[in-house]
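Source file entry19.cif; content: mmCIF, N, CA and C atoms and all ligand atoms.
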```
data_upload
loop_
_atom_site.label_atom_id
_atom_site.label_comp_id
_atom_site.auth_asym_id
_atom_site.auth_seq_id
_atom_site.Cartn_x
_atom_site.Cartn_y
_atom_site.Cartn_z
N MET A 1 5.54 23.40 -12.95
CA MET A 1 5.56 22.64 -14.22
C MET A 1 4.16 22.14 -14.56
N ASP A 2 3.79 22.22 -15.81
CA ASP A 2 2.42 21.90 -16.23
C ASP A 2 2.02 20.46 -15.96
N THR A 3 2.97 19.54 -16.12
CA THR A 3 2.60 18.12 -16.02
C THR A 3 2.87 17.53 -14.64
N CYS A 4 3.47 18.32 -13.76
CA CYS A 4 3.87 17.78 -12.46
C CYS A 4 2.65 17.65 -11.54
N ILE A 5 2.46 16.45 -11.03
CA ILE A 5 1.28 16.15 -10.21
C ILE A 5 1.28 16.96 -8.89
N PHE A 6 2.46 17.16 -8.31
CA PHE A 6 2.51 17.91 -7.05
C PHE A 6 2.28 19.41 -7.29
N CYS A 7 2.75 19.92 -8.45
CA CYS A 7 2.45 21.31 -8.80
C CYS A 7 0.94 21.49 -8.96
N LYS A 8 0.30 20.47 -9.51
CA LYS A 8 -1.17 20.54 -9.68
C LYS A 8 -1.86 20.55 -8.32
N ILE A 9 -1.31 19.81 -7.37
CA ILE A 9 -1.87 19.83 -6.00
C ILE A 9 -1.70 21.22 -5.40
N VAL A 10 -0.51 21.81 -5.58
CA VAL A 10 -0.25 23.16 -5.05
C VAL A 10 -1.27 24.15 -5.63
N LYS A 11 -1.55 24.02 -6.93
CA LYS A 11 -2.47 24.95 -7.60
C LYS A 11 -3.94 24.64 -7.31
N GLY A 12 -4.20 23.52 -6.64
CA GLY A 12 -5.58 23.14 -6.33
C GLY A 12 -6.28 22.46 -7.49
N GLU A 13 -5.51 22.05 -8.50
CA GLU A 13 -6.13 21.38 -9.65
C GLU A 13 -6.39 19.89 -9.37
N ILE A 14 -5.65 19.37 -8.39
CA ILE A 14 -5.87 17.99 -7.91
C ILE A 14 -6.08 18.10 -6.40
N PRO A 15 -7.10 17.40 -5.86
CA PRO A 15 -7.34 17.52 -4.41
C PRO A 15 -6.29 16.81 -3.58
N CYS A 16 -6.17 17.23 -2.34
CA CYS A 16 -5.29 16.51 -1.41
C CYS A 16 -5.87 16.65 -0.01
N TYR A 17 -5.39 15.81 0.89
CA TYR A 17 -5.75 15.93 2.30
C TYR A 17 -4.66 16.74 2.98
N LYS A 18 -4.91 18.05 3.05
CA LYS A 18 -3.88 18.96 3.56
C LYS A 18 -3.70 18.80 5.07
N ILE A 19 -2.44 18.75 5.47
CA ILE A 19 -2.10 18.66 6.89
C ILE A 19 -1.56 20.00 7.39
N TYR A 20 -0.82 20.69 6.53
CA TYR A 20 -0.20 21.96 6.93
C TYR A 20 0.19 22.74 5.67
N GLU A 21 0.14 24.05 5.79
CA GLU A 21 0.53 24.90 4.66
C GLU A 21 1.08 26.21 5.18
N ASN A 22 2.12 26.71 4.56
CA ASN A 22 2.51 28.10 4.75
C ASN A 22 2.83 28.69 3.37
N LYS A 23 3.43 29.86 3.35
CA LYS A 23 3.67 30.57 2.09
C LYS A 23 4.49 29.72 1.09
N ASP A 24 5.41 28.95 1.59
CA ASP A 24 6.38 28.27 0.72
C ASP A 24 6.24 26.75 0.66
N VAL A 25 5.53 26.20 1.63
CA VAL A 25 5.54 24.74 1.80
C VAL A 25 4.12 24.20 1.97
N LEU A 26 3.91 22.99 1.45
CA LEU A 26 2.62 22.30 1.63
C LEU A 26 2.89 20.88 2.13
N ALA A 27 2.07 20.44 3.08
CA ALA A 27 2.17 19.06 3.56
C ALA A 27 0.79 18.42 3.45
N PHE A 28 0.76 17.22 2.88
CA PHE A 28 -0.52 16.53 2.66
C PHE A 28 -0.31 15.02 2.78
N LEU A 29 -1.42 14.30 2.98
CA LEU A 29 -1.32 12.85 3.15
C LEU A 29 -0.92 12.18 1.84
N ASP A 30 -0.02 11.21 1.96
CA ASP A 30 0.34 10.39 0.80
C ASP A 30 -0.88 9.54 0.43
N ILE A 31 -1.15 9.46 -0.86
CA ILE A 31 -2.34 8.76 -1.37
C ILE A 31 -2.27 7.26 -1.11
N GLU A 32 -1.07 6.75 -0.84
CA GLU A 32 -0.85 5.32 -0.63
C GLU A 32 -1.65 4.78 0.57
N ASN A 33 -1.89 5.65 1.56
CA ASN A 33 -2.63 5.26 2.77
C ASN A 33 -2.08 3.97 3.39
N ASP A 34 -0.75 3.93 3.58
CA ASP A 34 -0.12 2.76 4.19
C ASP A 34 0.05 2.98 5.70
N VAL A 35 1.15 3.59 6.10
CA VAL A 35 1.33 3.93 7.52
C VAL A 35 0.37 5.09 7.83
N PRO A 36 -0.48 4.94 8.86
CA PRO A 36 -1.43 6.02 9.17
C PRO A 36 -0.71 7.34 9.41
N GLY A 37 -1.11 8.36 8.67
CA GLY A 37 -0.49 9.68 8.80
C GLY A 37 0.68 9.92 7.88
N HIS A 38 0.99 8.96 7.01
CA HIS A 38 2.09 9.12 6.03
C HIS A 38 1.87 10.44 5.28
N THR A 39 2.78 11.37 5.51
CA THR A 39 2.63 12.74 5.01
C THR A 39 3.77 13.09 4.06
N LEU A 40 3.45 13.85 3.03
CA LEU A 40 4.48 14.36 2.12
C LEU A 40 4.63 15.86 2.36
N ILE A 41 5.86 16.31 2.45
CA ILE A 41 6.13 17.75 2.61
C ILE A 41 6.83 18.22 1.34
N ILE A 42 6.28 19.22 0.71
CA ILE A 42 6.86 19.70 -0.56
C ILE A 42 7.04 21.22 -0.56
N PRO A 43 8.04 21.70 -1.30
CA PRO A 43 8.10 23.14 -1.55
C PRO A 43 7.02 23.47 -2.57
N LYS A 44 6.42 24.66 -2.46
CA LYS A 44 5.37 25.02 -3.41
C LYS A 44 5.94 25.27 -4.81
N LYS A 45 7.21 25.72 -4.86
CA LYS A 45 7.78 25.91 -6.20
C LYS A 45 8.37 24.58 -6.70
N HIS A 46 8.34 24.43 -8.02
CA HIS A 46 8.79 23.16 -8.58
C HIS A 46 10.31 23.05 -8.56
N LEU A 47 10.78 22.07 -7.83
CA LEU A 47 12.20 21.71 -7.82
C LEU A 47 12.22 20.20 -7.92
N THR A 48 13.05 19.67 -8.78
CA THR A 48 12.95 18.25 -9.11
C THR A 48 13.26 17.32 -7.94
N ASP A 49 14.33 17.63 -7.23
CA ASP A 49 14.76 16.71 -6.16
C ASP A 49 15.70 17.43 -5.20
N LEU A 50 16.16 16.70 -4.22
CA LEU A 50 17.06 17.27 -3.20
C LEU A 50 18.28 17.92 -3.85
N ASP A 51 18.80 17.28 -4.89
CA ASP A 51 20.00 17.76 -5.56
C ASP A 51 19.79 19.15 -6.19
N SER A 52 18.60 19.38 -6.70
CA SER A 52 18.37 20.66 -7.39
C SER A 52 17.70 21.69 -6.49
N CYS A 53 17.43 21.30 -5.25
CA CYS A 53 16.75 22.21 -4.31
C CYS A 53 17.74 23.21 -3.71
N ASP A 54 17.41 24.49 -3.81
CA ASP A 54 18.31 25.50 -3.21
C ASP A 54 18.25 25.41 -1.69
N GLU A 55 19.32 25.88 -1.07
CA GLU A 55 19.50 25.74 0.37
C GLU A 55 18.35 26.37 1.18
N LYS A 56 17.91 27.55 0.73
CA LYS A 56 16.87 28.28 1.47
C LYS A 56 15.55 27.48 1.48
N THR A 57 15.20 26.96 0.31
CA THR A 57 13.96 26.18 0.21
C THR A 57 14.08 24.89 1.01
N TYR A 58 15.25 24.28 0.93
CA TYR A 58 15.47 23.04 1.68
C TYR A 58 15.25 23.28 3.17
N GLN A 59 15.78 24.40 3.66
CA GLN A 59 15.63 24.72 5.08
C GLN A 59 14.15 24.88 5.45
N LYS A 60 13.39 25.47 4.54
CA LYS A 60 11.96 25.67 4.80
C LYS A 60 11.22 24.33 4.86
N VAL A 61 11.56 23.44 3.96
CA VAL A 61 10.93 22.11 3.95
C VAL A 61 11.32 21.34 5.21
N LEU A 62 12.60 21.42 5.55
CA LEU A 62 13.09 20.68 6.71
C LEU A 62 12.51 21.25 8.01
N SER A 63 12.37 22.55 8.06
CA SER A 63 11.82 23.14 9.28
C SER A 63 10.34 22.76 9.43
N THR A 64 9.65 22.56 8.31
CA THR A 64 8.27 22.05 8.38
C THR A 64 8.26 20.60 8.85
N ALA A 65 9.24 19.83 8.42
CA ALA A 65 9.34 18.44 8.88
C ALA A 65 9.51 18.40 10.39
N LYS A 66 10.30 19.31 10.91
CA LYS A 66 10.52 19.36 12.37
C LYS A 66 9.23 19.79 13.09
N LYS A 67 8.58 20.80 12.52
CA LYS A 67 7.32 21.29 13.11
C LYS A 67 6.28 20.16 13.17
N LEU A 68 6.14 19.42 12.06
CA LEU A 68 5.14 18.35 12.02
C LEU A 68 5.54 17.17 12.90
N THR A 69 6.85 16.93 13.01
CA THR A 69 7.31 15.88 13.92
C THR A 69 6.87 16.19 15.34
N LYS A 70 7.11 17.42 15.77
CA LYS A 70 6.70 17.85 17.12
C LYS A 70 5.18 17.70 17.27
N HIS A 71 4.46 18.10 16.23
CA HIS A 71 3.00 18.05 16.25
C HIS A 71 2.51 16.60 16.39
N PHE A 72 3.09 15.69 15.61
CA PHE A 72 2.67 14.29 15.66
C PHE A 72 2.98 13.69 17.04
N LEU A 73 4.14 14.04 17.58
CA LEU A 73 4.48 13.52 18.91
C LEU A 73 3.50 14.06 19.94
N PHE A 74 3.14 15.34 19.80
CA PHE A 74 2.16 15.95 20.70
C PHE A 74 0.81 15.23 20.60
N LEU A 75 0.47 14.79 19.38
CA LEU A 75 -0.82 14.11 19.18
C LEU A 75 -0.83 12.68 19.70
N GLY A 76 0.35 12.18 20.11
CA GLY A 76 0.38 10.85 20.72
C GLY A 76 1.14 9.79 19.95
N PHE A 77 1.70 10.17 18.79
CA PHE A 77 2.58 9.20 18.13
C PHE A 77 3.86 9.07 18.96
N ASP A 78 4.55 7.94 18.79
CA ASP A 78 5.74 7.67 19.61
C ASP A 78 7.05 7.97 18.89
N GLY A 79 6.99 8.12 17.56
CA GLY A 79 8.20 8.39 16.79
C GLY A 79 7.84 8.79 15.37
N VAL A 80 8.84 9.17 14.61
CA VAL A 80 8.63 9.61 13.22
C VAL A 80 9.83 9.20 12.38
N ASN A 81 9.58 8.70 11.16
CA ASN A 81 10.66 8.49 10.18
C ASN A 81 10.59 9.56 9.11
N LEU A 82 11.76 10.08 8.75
CA LEU A 82 11.88 11.01 7.62
C LEU A 82 12.59 10.30 6.49
N VAL A 83 12.01 10.33 5.29
CA VAL A 83 12.65 9.69 4.13
C VAL A 83 12.54 10.62 2.93
N SER A 84 13.62 10.73 2.18
CA SER A 84 13.53 11.46 0.92
C SER A 84 14.29 10.70 -0.16
N ASN A 85 13.59 10.35 -1.22
CA ASN A 85 14.22 9.66 -2.34
C ASN A 85 14.73 10.69 -3.33
N CYS A 86 15.98 10.56 -3.73
CA CYS A 86 16.56 11.52 -4.66
C CYS A 86 16.99 10.78 -5.93
N LYS A 87 16.26 10.96 -6.98
CA LYS A 87 16.47 10.39 -8.31
C LYS A 87 15.93 8.95 -8.40
N GLU A 88 15.68 8.55 -9.64
CA GLU A 88 14.99 7.28 -9.91
C GLU A 88 15.66 6.09 -9.25
N ALA A 89 16.99 6.07 -9.24
CA ALA A 89 17.71 4.92 -8.70
C ALA A 89 17.38 4.69 -7.23
N SER A 90 16.98 5.74 -6.55
CA SER A 90 16.66 5.63 -5.12
C SER A 90 15.20 5.28 -4.90
N GLY A 91 14.42 5.28 -5.99
CA GLY A 91 12.99 5.00 -5.85
C GLY A 91 12.12 6.23 -5.99
N GLN A 92 12.71 7.36 -6.38
CA GLN A 92 11.89 8.57 -6.57
C GLN A 92 11.00 8.40 -7.79
N ILE A 93 9.71 8.53 -7.56
CA ILE A 93 8.73 8.38 -8.65
C ILE A 93 8.21 9.74 -9.09
N VAL A 94 7.87 10.58 -8.12
CA VAL A 94 7.38 11.92 -8.45
C VAL A 94 8.56 12.89 -8.47
N GLN A 95 8.75 13.52 -9.61
CA GLN A 95 9.95 14.37 -9.80
C GLN A 95 9.70 15.80 -9.31
N HIS A 96 9.21 15.91 -8.10
CA HIS A 96 9.06 17.21 -7.42
C HIS A 96 9.53 16.94 -6.00
N PHE A 97 10.57 17.64 -5.57
CA PHE A 97 11.21 17.35 -4.29
C PHE A 97 10.18 17.17 -3.16
N HIS A 98 10.35 16.13 -2.38
CA HIS A 98 9.44 15.90 -1.24
C HIS A 98 10.14 15.09 -0.17
N ILE A 99 9.66 15.30 1.04
CA ILE A 99 10.10 14.46 2.17
C ILE A 99 8.89 13.68 2.66
N HIS A 100 9.07 12.38 2.85
CA HIS A 100 8.03 11.55 3.46
C HIS A 100 8.19 11.62 4.97
N LEU A 101 7.08 11.80 5.66
CA LEU A 101 7.10 11.75 7.12
C LEU A 101 6.17 10.60 7.55
N PHE A 102 6.74 9.63 8.25
CA PHE A 102 5.94 8.49 8.70
C PHE A 102 5.78 8.57 10.21
N PRO A 103 4.60 8.94 10.71
CA PRO A 103 4.39 8.90 12.16
C PRO A 103 4.37 7.44 12.61
N ARG A 104 4.97 7.16 13.74
CA ARG A 104 5.09 5.77 14.17
C ARG A 104 4.53 5.57 15.58
N LYS A 105 4.02 4.37 15.81
CA LYS A 105 3.59 3.94 17.13
C LYS A 105 4.51 2.80 17.57
N THR A 106 4.79 2.72 18.85
CA THR A 106 5.57 1.61 19.37
C THR A 106 4.93 0.29 18.92
N ASN A 107 5.74 -0.60 18.38
CA ASN A 107 5.26 -1.92 17.92
C ASN A 107 4.19 -1.86 16.84
N ASP A 108 4.25 -0.83 15.98
CA ASP A 108 3.23 -0.75 14.91
C ASP A 108 3.55 -1.70 13.75
N GLU A 109 4.71 -2.31 13.79
CA GLU A 109 5.12 -3.32 12.81
C GLU A 109 5.38 -2.77 11.41
N ALA A 110 5.33 -1.45 11.22
CA ALA A 110 5.75 -0.87 9.94
C ALA A 110 7.27 -1.01 9.87
N LYS A 111 7.79 -1.23 8.66
CA LYS A 111 9.25 -1.43 8.54
C LYS A 111 9.80 -0.66 7.36
N LEU A 112 10.87 0.09 7.61
CA LEU A 112 11.63 0.69 6.51
C LEU A 112 12.88 -0.16 6.37
N THR A 113 12.98 -0.90 5.27
CA THR A 113 14.11 -1.85 5.18
C THR A 113 14.95 -1.60 3.94
N MET A 114 16.21 -1.96 4.03
CA MET A 114 17.14 -1.97 2.91
C MET A 114 17.61 -3.41 2.73
N GLN A 115 17.79 -3.83 1.47
CA GLN A 115 18.34 -5.16 1.23
C GLN A 115 19.80 -5.17 1.70
N PRO A 116 20.26 -6.28 2.31
CA PRO A 116 21.68 -6.36 2.63
C PRO A 116 22.50 -6.36 1.35
N ALA A 117 23.71 -5.73 1.40
CA ALA A 117 24.57 -5.68 0.21
C ALA A 117 24.98 -7.08 -0.21
N LYS A 118 25.02 -7.35 -1.53
CA LYS A 118 25.40 -8.69 -2.01
C LYS A 118 26.90 -8.91 -1.82
N GLN A 119 27.68 -7.89 -2.20
CA GLN A 119 29.13 -8.00 -2.03
C GLN A 119 29.56 -7.01 -0.97
N LYS A 120 30.02 -7.52 0.14
CA LYS A 120 30.35 -6.64 1.25
C LYS A 120 31.77 -6.12 1.16
N GLU A 121 31.94 -4.79 1.13
CA GLU A 121 33.26 -4.18 1.27
C GLU A 121 33.44 -3.83 2.74
N THR A 122 34.69 -3.69 3.16
CA THR A 122 34.89 -3.29 4.55
C THR A 122 34.47 -1.83 4.70
N LEU A 123 34.11 -1.45 5.89
CA LEU A 123 33.71 -0.06 6.14
C LEU A 123 34.87 0.88 5.81
N GLU A 124 36.10 0.40 6.05
CA GLU A 124 37.28 1.22 5.76
C GLU A 124 37.34 1.55 4.26
N THR A 125 37.14 0.54 3.41
CA THR A 125 37.15 0.75 1.96
C THR A 125 36.06 1.73 1.54
N VAL A 126 34.89 1.51 2.07
CA VAL A 126 33.76 2.38 1.71
C VAL A 126 34.04 3.81 2.15
N ALA A 127 34.54 3.97 3.37
CA ALA A 127 34.83 5.31 3.89
C ALA A 127 35.88 6.01 3.03
N LYS A 128 36.89 5.26 2.59
CA LYS A 128 37.95 5.84 1.73
C LYS A 128 37.36 6.37 0.42
N LYS A 129 36.41 5.63 -0.13
CA LYS A 129 35.79 6.03 -1.40
C LYS A 129 34.90 7.24 -1.24
N LEU A 130 34.26 7.36 -0.08
CA LEU A 130 33.18 8.35 0.06
C LEU A 130 33.56 9.60 0.83
N ARG A 131 34.69 9.55 1.54
CA ARG A 131 35.02 10.66 2.44
C ARG A 131 35.10 11.99 1.71
N LEU A 132 34.51 13.01 2.33
CA LEU A 132 34.49 14.36 1.76
C LEU A 132 35.16 15.33 2.72
N GLU A 133 36.17 16.02 2.24
CA GLU A 133 36.85 17.04 3.08
C GLU A 133 36.16 18.38 2.88
N ASP A 134 36.10 19.16 3.93
CA ASP A 134 35.46 20.47 3.84
C ASP A 134 36.41 21.51 3.25
P1 LIG B 201 8.58 8.85 -4.22
O1 LIG B 201 8.77 7.40 -4.53
O2 LIG B 201 9.47 9.31 -3.09
O3 LIG B 201 8.69 9.73 -5.44
O4 LIG B 201 7.11 8.96 -3.65
C1 LIG B 201 6.07 9.59 -4.29
C2 LIG B 201 4.86 9.44 -3.41
O5 LIG B 201 3.84 10.27 -3.91
C3 LIG B 201 4.29 8.00 -3.37
O6 LIG B 201 4.34 7.52 -2.03
C4 LIG B 201 2.85 8.17 -3.86
O7 LIG B 201 1.92 7.38 -3.16
C5 LIG B 201 2.61 9.65 -3.62
N1 LIG B 201 1.60 10.26 -4.49
C6 LIG B 201 1.53 10.19 -5.84
N2 LIG B 201 0.46 10.89 -6.28
C7 LIG B 201 -0.14 11.43 -5.18
C8 LIG B 201 -1.28 12.26 -4.98
N3 LIG B 201 -2.04 12.69 -6.00
N4 LIG B 201 -1.60 12.62 -3.71
C9 LIG B 201 -0.84 12.20 -2.67
N5 LIG B 201 0.25 11.41 -2.81
C10 LIG B 201 0.60 11.04 -4.03
ZN ZN B 202 6.17 20.20 -9.48
#
```

Could you render the structure from this file as structure tokens?
Ligand code: AMP
Ligand code: ZN
Amino acid sequence: MDTCIFCKIVKGEIPCYKIYENKDVLAFLDIENDVPGHTLIIPKKHLTDLDSCDEKTYQKVLSTAKKLTKHFLFLGFDGVNLVSNCKEASGQIVQHFHIHLFPRKTNDEAKLTMQPAKQKETLETVAKKLRLED
């Protein structure tokens, strides 16, 4: 897409700090520079979000996430968080599917937090609403 910032990175029109690349996937440092090594993994083709991502591409992105997780652990990190925001309500800002990878160190004090629910339903009620049969 012409206006998509991540497509521009793929095309080399905007610079990035590349961590890994193959035919279908690119991984580069998030510009936020918060958690050291915060990396974004994206498919090279434009897909808006997890919902619109085809299964094959998703597998390629996820397999890169696993590869980089192993790599970061090998480099001496102690853990990794994977996060993907799907649609604006979840906090997705860039409308090109991506997975955030946060390399972690023991006691690094970085926190991924969710606000506690204001109105608590029982887990049974929630499960009844959300259960999906195959
Ligand atoms: P999300 O809220 O999941 O859509 O996250 C989008 C992420 O893209 C944010 O963490 C931004 O810091 C990051 N970002 C936006 N523009 C760039 C850029 N040019 N290079 C690297 N990261 C970027
Ligand atoms: Zn794009």

For a test of reading the model, state the distance in Å between atom N of Asn85 of chain A and atom CA of Lys67 of chain A, rounded to one decimal.
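We find that atom N of Asn85 of chain A and atom CA of Lys67 of chain A lie 19.1 Å from each other.
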
Name each residue within 7 Å of ligand LIG 201 (chain B), counting all atoms listed in the file, as a ChimeraX atom specification.
/A:5-6,14-17,28-33,83-86,90-96,98,100

Using all atoms listed in the file, which residues of the polymer chains come no farther than 8 Å from ligand ZN 202 (chain B)? I'd like the answer as a ChimeraX atom specification.
/A:1-10,43-48,94-97

One decimal, in Å: what's the spacing between atom C of Val25 of chain A and atom N of Met114 of chain A?
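For atom C of Val25 of chain A relative to atom N of Met114 of chain A, the distance reads 28.9 Å.
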
Write down as a PyMOL selection string the residues belonging to chain A that are assigned strand (DSSP E or B) by DSSP computed on the backbone.
chain A and resi 18-21+25-29+39-43+79-83+99-104

Give the alpha helix (DSSP H) residues of segment 10-84 of chain A, as assigned by DSSP on the backbone, as a VMD selection string.
chain A and resid 10 to 11 55 to 75

Name the residues in contact with Phe72 of chain A at a cut-off of 8 Å, using only C-alpha atoms, excluding same-chain residues fewer than 5 positions from it; report them as a PyMOL selection string.
chain A and resi 77+80+103

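Going from atom CA of Thr106 of chain A to atom CA of Leu73 of chain A covers 12.0 Å.
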
Here is a test: counting only N, CA and C atoms, which residue of A:Gly79, A:Phe102, A:Ala127, A:Lys120 is nearest to His38 of chain A?
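With only N, CA and C atoms as the atom set, the closest residue is A:Phe102.
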
Give me segment 74-83 of chain A with all heavy atoms filled in, as a PDB file, keeping the file's coordinate frame.
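result-v5.pdb, freshly written:
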```pdb
ATOM      1  N   PHE A  74       3.140  15.340  19.800  1.00  0.00           N
ATOM      2  CA  PHE A  74       2.160  15.950  20.700  1.00  0.00           C
ATOM      3  C   PHE A  74       0.810  15.230  20.600  1.00  0.00           C
ATOM      4  O   PHE A  74       0.110  15.048  21.598  1.00  0.00           O
ATOM      5  CB  PHE A  74       2.002  17.441  20.336  1.00  0.00           C
ATOM      6  CG  PHE A  74       0.918  18.133  21.082  1.00  0.00           C
ATOM      7  CD1 PHE A  74       1.101  18.515  22.413  1.00  0.00           C
ATOM      8  CD2 PHE A  74      -0.306  18.409  20.475  1.00  0.00           C
ATOM      9  CE1 PHE A  74       0.081  19.146  23.119  1.00  0.00           C
ATOM     10  CE2 PHE A  74      -1.319  19.038  21.175  1.00  0.00           C
ATOM     11  CZ  PHE A  74      -1.135  19.410  22.499  1.00  0.00           C
ATOM     12  N   LEU A  75       0.470  14.790  19.380  1.00  0.00           N
ATOM     13  CA  LEU A  75      -0.820  14.110  19.180  1.00  0.00           C
ATOM     14  C   LEU A  75      -0.830  12.680  19.700  1.00  0.00           C
ATOM     15  O   LEU A  75      -1.864  12.024  19.685  1.00  0.00           O
ATOM     16  CB  LEU A  75      -1.175  14.096  17.686  1.00  0.00           C
ATOM     17  CG  LEU A  75      -1.531  15.446  17.055  1.00  0.00           C
ATOM     18  CD1 LEU A  75      -1.852  15.276  15.572  1.00  0.00           C
ATOM     19  CD2 LEU A  75      -2.720  16.088  17.761  1.00  0.00           C
ATOM     20  N   GLY A  76       0.350  12.180  20.110  1.00  0.00           N
ATOM     21  CA  GLY A  76       0.380  10.850  20.720  1.00  0.00           C
ATOM     22  C   GLY A  76       1.140   9.790  19.950  1.00  0.00           C
ATOM     23  O   GLY A  76       1.196   8.639  20.382  1.00  0.00           O
ATOM     24  N   PHE A  77       1.700  10.170  18.790  1.00  0.00           N
ATOM     25  CA  PHE A  77       2.580   9.200  18.130  1.00  0.00           C
ATOM     26  C   PHE A  77       3.860   9.070  18.960  1.00  0.00           C
ATOM     27  O   PHE A  77       4.227   9.974  19.715  1.00  0.00           O
ATOM     28  CB  PHE A  77       2.904   9.660  16.703  1.00  0.00           C
ATOM     29  CG  PHE A  77       1.747   9.475  15.748  1.00  0.00           C
ATOM     30  CD1 PHE A  77       0.916  10.537  15.428  1.00  0.00           C
ATOM     31  CD2 PHE A  77       1.482   8.229  15.188  1.00  0.00           C
ATOM     32  CE1 PHE A  77      -0.164  10.369  14.548  1.00  0.00           C
ATOM     33  CE2 PHE A  77       0.409   8.044  14.319  1.00  0.00           C
ATOM     34  CZ  PHE A  77      -0.410   9.123  13.998  1.00  0.00           C
ATOM     35  N   ASP A  78       4.550   7.940  18.790  1.00  0.00           N
ATOM     36  CA  ASP A  78       5.740   7.670  19.610  1.00  0.00           C
ATOM     37  C   ASP A  78       7.050   7.970  18.890  1.00  0.00           C
ATOM     38  O   ASP A  78       8.109   8.029  19.508  1.00  0.00           O
ATOM     39  CB  ASP A  78       5.743   6.195  20.043  1.00  0.00           C
ATOM     40  CG  ASP A  78       4.466   5.834  20.769  1.00  0.00           C
ATOM     41  OD1 ASP A  78       4.088   6.589  21.695  1.00  0.00           O
ATOM     42  OD2 ASP A  78       3.826   4.830  20.406  1.00  0.00           O
ATOM     43  N   GLY A  79       6.990   8.120  17.560  1.00  0.00           N
ATOM     44  CA  GLY A  79       8.200   8.390  16.790  1.00  0.00           C
ATOM     45  C   GLY A  79       7.840   8.790  15.370  1.00  0.00           C
ATOM     46  O   GLY A  79       6.657   8.760  14.985  1.00  0.00           O
ATOM     47  N   VAL A  80       8.840   9.170  14.610  1.00  0.00           N
ATOM     48  CA  VAL A  80       8.630   9.610  13.220  1.00  0.00           C
ATOM     49  C   VAL A  80       9.830   9.200  12.380  1.00  0.00           C
ATOM     50  O   VAL A  80      10.969   9.287  12.840  1.00  0.00           O
ATOM     51  CB  VAL A  80       8.469  11.159  13.162  1.00  0.00           C
ATOM     52  CG1 VAL A  80       8.487  11.659  11.731  1.00  0.00           C
ATOM     53  CG2 VAL A  80       7.185  11.601  13.844  1.00  0.00           C
ATOM     54  N   ASN A  81       9.580   8.700  11.160  1.00  0.00           N
ATOM     55  CA  ASN A  81      10.660   8.490  10.180  1.00  0.00           C
ATOM     56  C   ASN A  81      10.590   9.560   9.110  1.00  0.00           C
ATOM     57  O   ASN A  81       9.497   9.892   8.639  1.00  0.00           O
ATOM     58  CB  ASN A  81      10.517   7.134   9.462  1.00  0.00           C
ATOM     59  CG  ASN A  81      10.678   5.963  10.377  1.00  0.00           C
ATOM     60  OD1 ASN A  81       9.716   5.262  10.661  1.00  0.00           O
ATOM     61  ND2 ASN A  81      11.896   5.725  10.829  1.00  0.00           N
ATOM     62  N   LEU A  82      11.760  10.080   8.750  1.00  0.00           N
ATOM     63  CA  LEU A  82      11.880  11.010   7.620  1.00  0.00           C
ATOM     64  C   LEU A  82      12.590  10.300   6.490  1.00  0.00           C
ATOM     65  O   LEU A  82      13.661   9.749   6.706  1.00  0.00           O
ATOM     66  CB  LEU A  82      12.765  12.196   8.014  1.00  0.00           C
ATOM     67  CG  LEU A  82      12.110  13.534   8.313  1.00  0.00           C
ATOM     68  CD1 LEU A  82      11.403  13.444   9.638  1.00  0.00           C
ATOM     69  CD2 LEU A  82      13.151  14.614   8.344  1.00  0.00           C
ATOM     70  N   VAL A  83      12.010  10.330   5.290  1.00  0.00           N
ATOM     71  CA  VAL A  83      12.650   9.690   4.130  1.00  0.00           C
ATOM     72  C   VAL A  83      12.540  10.620   2.930  1.00  0.00           C
ATOM     73  O   VAL A  83      11.498  11.232   2.716  1.00  0.00           O
ATOM     74  CB  VAL A  83      11.942   8.352   3.783  1.00  0.00           C
ATOM     75  CG1 VAL A  83      12.513   7.742   2.516  1.00  0.00           C
ATOM     76  CG2 VAL A  83      12.039   7.366   4.935  1.00  0.00           C
TER      77      VAL A  83
END
```
